[in-house]
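Peer 1: First the structure, then my questions, so here it is.
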Amino acid sequence: MRPEGIGEADWNDAGWQMRHRIRDAEGLRAFIHPTDDEIRAVAALADRFRFVITPYYASLMDPDDPECPIRRQVVPRMAELDDPAGLADPLDEVAHSPVKNVVRVYRDRIAFCVNNECALYCRYCLRKRMVGEPSWAMKKRELGLALDWIRATPEIRDVLLTGGDPLVFSDERLDWLLGELRGIPHVEIIRLGTRLPVTLPARITPELCRVLEAHHPVWLNTHFNHPRELTPEAAAACDRLTRAGVPVGNQSVLLRGINDDAETMKALCEGLVRLRVRPYYCYQAQLLEGTAHFRVPVERGLEIFRALRGRTSGYAIPLYVLDTPYGKVPLTHAYLRGREGDDIVVESYDGRLWREPNPLDDPEAPADPEASGDPAAPADPEAPDET
Ligand code: SF4
């Protein structure tokens, strides 16, 4: 809720929100009753990972509950100092950069980290090594060098603008950048990775939507993690984007105590579909410095997404993935149980087994049971679950 004393016009102005971001424990007190741990962590972590929150997002926090899923995403905790295994760059992005802030893992697409600023800083951010850090900022000359590299690399057909957050750029700068990319014949699609519909929905103005619309095909993935983030303001921002013809997807992160239960994940994904936002990926949290308290065992993640299968629309089920330096790896329950003779055996969402005739690649070739891998599990509904 908007705090007293702040006019509606200011509150709904992205510039005002950015200028009035919370940057210290004193600022936090206007929205919550911070715990001793939170106050100590704000000071102790000041040099490690920047702490900034928009007033809009802060207004979603529960003032009295330190376990509030909004609050835990953005307010520091001393637990961030207790993570001996965490790495600064778990995906080895620096080694995958042919030119500053361009990350290339796949042959035909890149992540182009055009900006190191965000509206706020998520405590589990994969790029916490660079967001808010001046040395990672892209000057216009450096953006130009990256654009030159894309021009000279004809196999790149898909460019993801990310950061940081590309929509922190002004409309003019974004228009220029999109225009430069659109002028490269082999760049077929441009994608934006942005959390602003969640953290600063006022930034999704009609003017911004017109800029995006002028450079289609432009796709956008945003980043909701919890159903409480699905506010009327966020819904209106997503609606403006989809009406401008921008397909909107969502990439969440599986976070301990925030969304690591099937009920919360289902409410989030169904809420997104109601907004015409497609749940696209849910990431396993990386082995990232300062985030041990957020990580969830993969087995729990598999249970969560298995619990959704068959119990909500397919549109509402994102692909659960582990990102690695070699690319994204889908993490799924083994619904395909194997081949039995001419059949494949599959498992339904509620554990029943089904056989289906399955043609051989070459019907003339004699069936070779060894070539088809392990024979299917027996059609036994009590068979142990492979996850
Ligand atoms: S908005 Fe995205 S890039 Fe920015 S801090 Fe959060 S996770 Fe990182």
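Going through the structure tokens in order, the chains are called A, B, and so on, while each chain numbers its residues from 1 and the ligands are numbered from 1 in the order shown.
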Find the residues near ligand 1. Use a cut-off of 6 Å, count only C-alpha atoms and all ligand atoms, and write them as a ChimeraX atom specification.
Peer 2: /A:118,121-122,125,127,163-165,195
Peer 1: What's around segment 204-213 of chain A at 8 Å? Count only C-alpha atoms, leave out sequence neighbours fewer than 3 positions away in its own chain, and write the answer as a list in words.
Peer 2: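 Within the cut-off, the hits are Asp171, Leu174, Asp175, Leu196, Pro197, Pro201, His216, Val218, Ala237, Arg240, Leu241, Ala244, Gly245 and Val246 of chain A.
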Peer 1: For each of A:Arg2, A:Arg19, A:Arg109, A:Arg203, take the minimum atom-to-atom distance to Arg191 of chain A, counting only C-alpha atoms, then give the residue where this is smallest.
Peer 2: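 Using only C-alpha atoms, Arg191 of chain A sits closest to A:Arg109.
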Peer 1: Calculated over only C-alpha atoms, which of the candidates A:Asp64, A:Asp350, A:Asp89, A:Glu117 has the smallest distance to Arg311 of chain A?
Peer 2: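 For Arg311 of chain A, the nearest of the given residues is A:Asp350.
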Peer 1: Counting only C-alpha atoms, what is within 10 Å of Phe224 of chain A, bar same-chain residues fewer than 6 positions away, as an MDAnalysis selection string?
Peer 2: chainID A and resid 195:199 230 234 249:253 268:269 272 279
Peer 1: I'd like to know which of A:Ala235, A:Leu287, A:Val296, A:Val187 is closest to Leu255 of chain A, using only C-alpha atoms.
Peer 2: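 Counting only C-alpha atoms, the residue closest to Leu255 of chain A is A:Val296.
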Peer 1: Sort by chain and increasing residue number a table of all residues of segment 107-214 of chain A within 7 Å of segment 47-62 of chain A, each with its closest pair of atoms and their distance in Å to one decimal, counting only C-alpha atoms, and write it as a tab-separated table.
Peer 2:
```
residue	atom	partner	partner_atom	distance
A:Ala119	CA	A:Thr54	CA	6.4
A:Leu120	CA	A:Ile53	CA	4.6
A:Tyr121	CA	A:Val52	CA	5.9
A:Lys128	CA	A:Phe49	CA	6.6
A:Gly132	CA	A:Arg50	CA	6.5
A:Thr199	CA	A:Tyr57	CA	5.4
A:Leu200	CA	A:Tyr56	CA	6.7
```
Peer 1: Could you pull out the residues in segment 103-166 of chain A that DSSP calls strand (DSSP E) from the backbone, as number ranges by chain?
Peer 2: A: 103, 109-113, 158-162
Peer 1: Do you have the atom CA of Ala44 of chain A-atom CA of Thr291 of chain A distance handy?
Peer 2: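 For atom CA of Ala44 of chain A relative to atom CA of Thr291 of chain A, the distance reads 15.5 Å.
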Peer 1: Residues at most 12 Å from Ala267 of chain A, counting only C-alpha atoms, excluding those fewer than 2 positions away in the same chain, as a list in words?
Peer 2: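 Final neighbour list, sorted by chain and number: Phe224, Asn225, His226, Pro227, Arg228, Glu229, Leu230, Asn259, Asp260, Asp261, Ala262, Glu263, Thr264, Met265, Cys269, Glu270, Gly271, Leu272, Val273, Arg274, Pro279, Leu308, Arg311, Thr312, Ser313, Ala316 and Ile317 of chain A.
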Peer 1: What separation in Å, quoted to one decimal, exists between atom CA of Ser135 of chain A and atom CA of Val94 of chain A?
Peer 2: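 We find that atom CA of Ser135 of chain A and atom CA of Val94 of chain A lie 13.7 Å from each other.
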Peer 1: For segment 78-88 of chain A, find every residue with an atom within 10 Å (counting only C-alpha atoms), except residues of its own chain fewer than 6 positions away, and show them as a count of residues only.
Peer 2: 28
Peer 1: Which residues in segment 262-338 of chain A does DSSP call helix (DSSP H, G or I)? List them as a VMD selection string.
Peer 2: chain A and resid 262 to 274 292 to 294 298 to 308 314 to 316
Peer 1: One decimal, Å: what's the distance from atom CA of Asn116 of chain A over to atom CA of Gly144 of chain A, could you say?
Peer 2: 16.1 Å
Peer 1: Do a neighbour search on Pro330 of chain A at 7 Å with only C-alpha atoms, toss out local chain neighbours closer than 4 positions, and write the hits as a list in words.
Peer 2: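 Surrounding residues, per the criterion: Leu319, Tyr320, Val321 and Leu322 of chain A.
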Peer 1: When you count only C-alpha atoms, which of these residues is closest to Val114 of chain A: A:Thr332, A:Ser97, A:Thr162, A:Ser170?
Peer 2: A:Thr162
